[in-house]
Each structure stands twice: as structure tokens, then as C-alpha cells.
Amino acid sequence: MGMKNTEIELHNIRKAFADGSKKVPVLNGISAKIEKGTLLTIVGPSGSGKSTILSLCNLLQTPDDGEIYVNKQEVRKWNVQELRRYVGIAFQSAPMTKGTVLENLSLPLKLRGETLENPETYLEYVGLSAELLSREAKELSGGQRQRLSLARTLVNNSSVLLLDEVTSALDTKASQGIEELIQRINKERSVTILWVTHDLSQAERVGDETWLIKDGQLVEGAPTKQFFSEPQDERTKDFLNLLRSSL
Ligand SMILES: Nc1ncnc2c1ncn2[C@@H]1O[C@H](COP(=O)(O)OP(=O)(O)OP(=O)(O)O)[C@@H](O)[C@H]1O
């Protein structure tokens with residue numbers, strides 16, 4: 001066995017949200033380790049807490065209880081800006097700020113008072129033409145915007161990428177392109193990836209490991225092949241059967 005090199009460790013994470021006067025628990029004690037370079041796919045019913053897990057890893061939210069270690073340092077001990085460079089995030093909507101593609105791409109550096117060298121190399125890597133640099137970013141197609149948000153994480157040289165339903169708004173062809181790009185970023189640059197997806201065949205295709213989150217618990221975490229071919233927990237079997245029978 002080689003030496004394990006943990007990128008993210010969740011230690012008994014709990015989170016509840018206020019709903020009127022009562023607190024609704026969303027994560028009920030989640031513990032797990034993610035090794036560096038892993039492509040983890042996270043599946044589970046709607047509202048089970050998947051996005052909340054991502055948001056805790058770069059301090060968009062803070063846990064009520066428990067600790068999260070990123071590269072061995074508890075998230076609340078990180079400088080937030082540094083943490084958010086180290087842990088990049090991309091959403092389904094791939095939001096852009098007003099301005100050109102170049103301005104959007106160099107935003108993370110501009111905030112630090114630096115300029116971006118060779119912006120076209122980042123566009124090329126994500127499969128966008130350098131001619132797009134002067135284009136208004138909000139006018140790009142969904143697939144192009146998703147590529148640009150991935151390019152931004154490359155500018156930051158992020159070690160971890162949090163992906164929340166990044167292909168759900170795209171047609172099949174654009175979705176395949178983004179899938180391949182993410183796999184390439186994972187393999188070529190050893191970026192650790194936490195990928196929430198409702199598309200089970202995608203989770204099976206791209207994952208090294210897969211988790212099922214249900215009712216705020218990590219029900220089952222296993223190597224992806226095993227997760228889909230020999231699920232151990234009855235709740236995983238039910239979840240997979242239910243979705244497969246509805247196809
Ligand atoms: N900021 C918030 N304030 C209040 N409630 C929240 C907040 N964020 C999430 N929730 C609630 O927490 C629960 C879990 O939400 P979360 O988005 O983590 O689920 P999910 O598994 O990602 O769902 P989906 O697959 O539908 O995106 C939901 O009931 C949601 O309404």
C-alpha cells in the first residue's frame with residue numbers, strides 16, 4: 001500500500017438551517033476522507049444535503065459542528081481568499097460578471113493586483129477559441145460559460161474542484177465535452193474533484209469513488225465500480241433500483 005495523501009477530511013460534520021423558529025438538520029454527522037487526485041461523484045435524492053457538503057469545503061457556509069480539513073488545515077484556520085483559490089467551485093448556471101471573457105478570466109488575479117499572462121493558453125486548454133477573449137462573457141452559450149468557469153479555476157491553479165450539477169443545463173453534446181474536460185483536468189493536473197450529479201450514468205462513467213448522501217448521512221462510499229455493481233447498503237440498492245426503473 002502506498003502512502004495515503006489526504007486532500008479533504010470531514011470529521012463528524014453537522015449543519016442545520018433555520019426554518020421559522022425551528023432548526024432543520026441537513027447534515028447529521030458526516031465523516032470521510034478524500035485522497036488527493038480522486039474524482040469523487042456524489043449522488044442522492046433532492047434535498048439530501050449534497051450541495052451543502054460542497055459549500056462547507058470552501059466556507060460558503062460554516063459547519064455547526066465538526067471539522068473540515070483541507071490539505072490538513074481546518075477550513076476556519078485558512079485565509080478565506082486563499083482557501084477559495086485552493087478549492088475552486090463551478091455551478092450549474094456558470095454565472096459570469098458583466099464584462100469580456102478576458103475580464104472574467106483574469107478576475108481572480110485582478111483581485112490580487114496581478115495581471116494574467118497568456119490568457120489564450122487557458123482558453124485553448126478548455127477548448128475555447130482565443131477570438132472569444134474580447135466577447136461579452138454573458139453572451140456565451142451555456143457550454144462555453146461552463147468551460148470559462150473551469151478555465152478560471154485553472155488560472156487560480158486550484159488543487160480541488162467542487163462541481164455542482166455542472167452539466168445539467170447542457171444538451172448531450174455540450175455535456176459530453178464538459179465531462180471530458182473535467183476528466184482531463186483531473187488526470188493531467190491531478191486536481192481532486194467533488195462532483196455532485198443527479199445523472200447516475202455520469203456518476204458511474206467518470207467516478208473513481210462514489211458516495212450516496214441520504215437524509216444528511218453518508219450512506220455508502222465506495223469505489224465507483226463496486227458502488228454500482230455491488231452496493232452493500234439496502235438504501236443504496238433501493239436508490240439505484242428506483243432510478244433505474246424510472247428510466
Ligand atoms: N442557505 C440555506 N438556508 C436554508 N435552508 C437551506 C439552505 N441551503 C440549503 N438548505 C436546505 O437544506 C436542504 C439540503 O439542501 P442541499 O442543497 O444541500 O441538497 P441537495 O442534496 O444538493 O439537493 P438537490 O439535489 O435538489 O440540489 C434542503 O432542504 C434545502 O432547502
# chains A, B, ... in the order shown; residues from 1 in each chain; ligands from 1
call {"tool": "select_by_dssp", "arguments": {"residues": "region 91-215 of chain A", "states": "strand (DSSP E)", "output": "list in words"}}
result
Phe91, Val160, Leu161, Leu162, Leu163, Asp164, Thr192, Ile193, Leu194, Trp195, Val196, Glu209, Thr210, Trp211, Leu212, Ile213 and Lys214 of chain A
call {"tool": "write_last_selection", "arguments": {"atoms": "C-alpha atoms", "output": "JSON list (two decimals), in the first residue's frame"}}
result
[["chain", "number", "residue", "atom", "x", "y", "z"],
["A", 91, "PHE", "CA", -22.19, 25.77, -10.57],
["A", 160, "VAL", "CA", -9.60, 20.95, -5.53],
["A", 161, "LEU", "CA", -12.68, 21.49, -7.68],
["A", 162, "LEU", "CA", -16.24, 21.45, -6.35],
["A", 163, "LEU", "CA", -18.74, 20.81, -9.15],
["A", 164, "ASP", "CA", -22.47, 21.23, -8.58],
["A", 192, "THR", "CA", -9.14, 16.43, -6.68],
["A", 193, "ILE", "CA", -12.78, 16.63, -7.74],
["A", 194, "LEU", "CA", -16.02, 16.50, -5.75],
["A", 195, "TRP", "CA", -18.79, 16.26, -8.33],
["A", 196, "VAL", "CA", -22.45, 16.39, -7.34],
["A", 209, "GLU", "CA", -15.29, 6.80, -5.93],
["A", 210, "THR", "CA", -18.96, 7.43, -5.32],
["A", 211, "TRP", "CA", -20.95, 8.49, -2.27],
["A", 212, "LEU", "CA", -24.67, 8.21, -1.62],
["A", 213, "ILE", "CA", -25.95, 11.02, 0.58],
["A", 214, "LYS", "CA", -29.41, 10.46, 2.01]]
call {"tool": "residues_near_ligand", "arguments": {"ligand": "ligand 1", "cutoff": "6 Å", "atoms": "only C-alpha atoms and all ligand atoms", "output": "compact mmCIF listing (two decimals) with N, CA and C atoms, in the first residue's frame"}}
result
# COMPACT_ATOMS: atom_id res chain seq x y z
N PHE A 17 -30.40 24.27 9.19
CA PHE A 17 -30.84 25.59 8.75
C PHE A 17 -32.09 25.99 9.51
N VAL A 26 -29.72 19.27 8.33
CA VAL A 26 -29.48 18.94 6.92
C VAL A 26 -28.34 17.94 6.79
N PRO A 45 -30.88 11.71 -3.26
CA PRO A 45 -32.14 12.38 -3.56
C PRO A 45 -32.04 13.89 -3.43
N SER A 46 -32.95 14.58 -4.07
CA SER A 46 -33.02 16.03 -3.99
C SER A 46 -33.21 16.45 -2.53
N GLY A 47 -32.44 17.46 -2.12
CA GLY A 47 -32.57 17.98 -0.76
C GLY A 47 -31.87 17.16 0.30
N SER A 48 -31.03 16.20 -0.11
CA SER A 48 -30.39 15.33 0.88
C SER A 48 -29.16 15.95 1.52
N GLY A 49 -28.68 17.09 0.98
CA GLY A 49 -27.55 17.78 1.59
C GLY A 49 -26.27 17.79 0.77
N LYS A 50 -26.35 17.36 -0.49
CA LYS A 50 -25.15 17.26 -1.33
C LYS A 50 -24.47 18.62 -1.56
N SER A 51 -25.26 19.60 -1.98
CA SER A 51 -24.69 20.93 -2.24
C SER A 51 -24.15 21.56 -0.96
N THR A 52 -24.82 21.27 0.14
CA THR A 52 -24.37 21.82 1.41
C THR A 52 -22.97 21.30 1.76
call {"tool": "closest_residue", "arguments": {"among": "A:Glu230, A:Gln92, A:Pro223, A:Ser149", "to": "Thr167 (chain A)", "atoms": "only C-alpha atoms"}}
result
A:Gln92
call {"tool": "residues_around", "arguments": {"residues": "region 61-76 of chain A", "least_positions_apart": "6", "cutoff": "9 Å", "atoms": "only C-alpha atoms", "output": "list in words"}}
result
Asn5, Thr6, Glu7, Ile8, Glu9, Leu10, His11, Asn12, Ile13, Arg14, Lys15, Ala16, Gly29, Ile30, Ser31, Lys36, Thr52, Ser55, Leu83, Tyr86 and Val87 of chain A
call {"tool": "atom_distance", "arguments": {"atom1": "CA of Arg244 (chain A)", "atom2": "CA of Ser93 (chain A)"}}
result
26.7 Å
call {"tool": "closest_residue", "arguments": {"among": "A:Leu181, A:Leu105, A:Leu150, A:Val43", "to": "Leu132 (chain A)", "atoms": "only C-alpha atoms"}}
result
A:Leu105
call {"tool": "closest_residue", "arguments": {"among": "A:Ile89, A:Leu107, A:Leu128, A:Val206", "to": "Asn58 (chain A)", "atoms": "only C-alpha atoms"}}
result
A:Ile89
call {"tool": "residues_around", "arguments": {"residues": "Leu243 (chain A)", "least_positions_apart": "2", "cutoff": "10 Å", "atoms": "only C-alpha atoms", "output": "list in words"}}
result
Pro45, His198, Asp199, Leu200, Asp238, Phe239, Leu240, Asn241, Ser245, Ser246 and Leu247 of chain A
call {"tool": "residues_around", "arguments": {"residues": "Val126 (chain A)", "least_positions_apart": "2", "cutoff": "9 Å", "atoms": "only C-alpha atoms", "output": "CSV table (one decimal) with N, CA and C atoms, in the first residue's frame"}}
result
chain,number,residue,atom,x,y,z
A,121,THR,N,-3.8,30.7,-23.6
A,121,THR,CA,-3.5,29.3,-23.3
A,121,THR,C,-4.5,28.6,-22.5
A,122,TYR,N,-5.2,29.4,-21.6
A,122,TYR,CA,-6.2,28.8,-20.7
A,122,TYR,C,-7.5,28.5,-21.5
A,123,LEU,N,-7.8,29.4,-22.5
A,123,LEU,CA,-9.0,29.2,-23.3
A,123,LEU,C,-8.7,28.0,-24.2
A,124,GLU,N,-7.5,27.9,-24.7
A,124,GLU,CA,-7.2,26.7,-25.6
A,124,GLU,C,-7.4,25.4,-24.8
A,128,LEU,N,-11.8,26.6,-26.0
A,128,LEU,CA,-12.4,27.8,-26.5
A,128,LEU,C,-11.4,28.6,-27.3
A,147,ARG,N,-17.2,26.1,-19.7
A,147,ARG,CA,-15.8,26.0,-20.0
A,147,ARG,C,-15.0,27.1,-19.4
A,148,LEU,N,-15.5,28.3,-19.5
A,148,LEU,CA,-14.9,29.5,-19.0
A,148,LEU,C,-14.8,29.4,-17.4
A,150,LEU,N,-14.5,26.8,-15.7
A,150,LEU,CA,-13.4,25.8,-15.4
A,150,LEU,C,-12.0,26.5,-15.7
A,151,ALA,N,-11.9,27.3,-16.8
A,151,ALA,CA,-10.7,28.0,-17.1
A,151,ALA,C,-10.3,28.9,-15.9
A,178,ILE,N,-17.9,18.8,-21.7
A,178,ILE,CA,-17.6,19.3,-20.3
A,178,ILE,C,-17.1,18.1,-19.5
A,181,LEU,N,-13.6,17.3,-20.5
A,181,LEU,CA,-12.7,18.4,-20.0
A,181,LEU,C,-12.4,18.2,-18.5
call {"tool": "select_by_dssp", "arguments": {"residues": "region 203-234 of chain A", "states": "alpha helix (DSSP H)", "output": "VMD selection string"}}
result
chain A and resid 203 to 206 224 to 229 234
call {"tool": "write_last_selection", "arguments": {"atoms": "N, CA and C atoms", "output": "PDB file, in the first residue's frame"}}
result
ATOM      1  N   ALA A 203     -22.258   9.663 -13.093  1.00  0.00           N
ATOM      2  CA  ALA A 203     -21.533   9.347 -11.849  1.00  0.00           C
ATOM      3  C   ALA A 203     -20.749   8.045 -11.994  1.00  0.00           C
ATOM      4  N   GLU A 204     -21.344   7.087 -12.704  1.00  0.00           N
ATOM      5  CA  GLU A 204     -20.700   5.786 -12.890  1.00  0.00           C
ATOM      6  C   GLU A 204     -19.556   5.865 -13.903  1.00  0.00           C
ATOM      7  N   ARG A 205     -19.765   6.654 -14.955  1.00  0.00           N
ATOM      8  CA  ARG A 205     -18.771   6.797 -16.017  1.00  0.00           C
ATOM      9  C   ARG A 205     -17.493   7.477 -15.531  1.00  0.00           C
ATOM     10  N   VAL A 206     -17.633   8.553 -14.781  1.00  0.00           N
ATOM     11  CA  VAL A 206     -16.470   9.405 -14.513  1.00  0.00           C
ATOM     12  C   VAL A 206     -15.815   9.148 -13.156  1.00  0.00           C
ATOM     13  N   THR A 224     -16.194   3.448  -7.363  1.00  0.00           N
ATOM     14  CA  THR A 224     -17.382   3.627  -8.198  1.00  0.00           C
ATOM     15  C   THR A 224     -17.907   2.311  -8.803  1.00  0.00           C
ATOM     16  N   LYS A 225     -16.995   1.489  -9.339  1.00  0.00           N
ATOM     17  CA  LYS A 225     -17.435   0.230  -9.955  1.00  0.00           C
ATOM     18  C   LYS A 225     -18.216  -0.615  -8.954  1.00  0.00           C
ATOM     19  N   GLN A 226     -17.633  -0.708  -7.759  1.00  0.00           N
ATOM     20  CA  GLN A 226     -18.254  -1.506  -6.712  1.00  0.00           C
ATOM     21  C   GLN A 226     -19.576  -0.895  -6.254  1.00  0.00           C
ATOM     22  N   PHE A 227     -19.594   0.433  -6.133  1.00  0.00           N
ATOM     23  CA  PHE A 227     -20.797   1.137  -5.694  1.00  0.00           C
ATOM     24  C   PHE A 227     -21.981   0.770  -6.592  1.00  0.00           C
ATOM     25  N   PHE A 228     -21.741   0.725  -7.907  1.00  0.00           N
ATOM     26  CA  PHE A 228     -22.844   0.461  -8.832  1.00  0.00           C
ATOM     27  C   PHE A 228     -23.108  -1.028  -9.066  1.00  0.00           C
ATOM     28  N   SER A 229     -22.065  -1.857  -8.965  1.00  0.00           N
ATOM     29  CA  SER A 229     -22.285  -3.280  -9.276  1.00  0.00           C
ATOM     30  C   SER A 229     -22.628  -4.099  -8.040  1.00  0.00           C
ATOM     31  N   GLU A 234     -28.796  -1.434   1.935  1.00  0.00           N
ATOM     32  CA  GLU A 234     -30.141  -1.565   1.355  1.00  0.00           C
ATOM     33  C   GLU A 234     -30.632  -0.248   0.764  1.00  0.00           C
TER      34      GLU A 234
END
call {"tool": "closest_residue", "arguments": {"among": "A:Ala169, A:Ala18, A:Leu40, A:Leu133", "to": "Ser106 (chain A)", "atoms": "only C-alpha atoms"}}
result
A:Leu133
call {"tool": "atom_distance", "arguments": {"atom1": "CA of Met96 (chain A)", "atom2": "CA of Glu180 (chain A)"}}
result
22.1 Å
call {"tool": "closest_residue", "arguments": {"among": "A:Pro231, A:Gly37, A:Gly113, A:Gly143", "to": "Ile185 (chain A)", "atoms": "only C-alpha atoms"}}
result
A:Gly37
call {"tool": "atom_distance", "arguments": {"atom1": "CA of Arg189 (chain A)", "atom2": "CA of Lys4 (chain A)"}}
result
18.2 Å
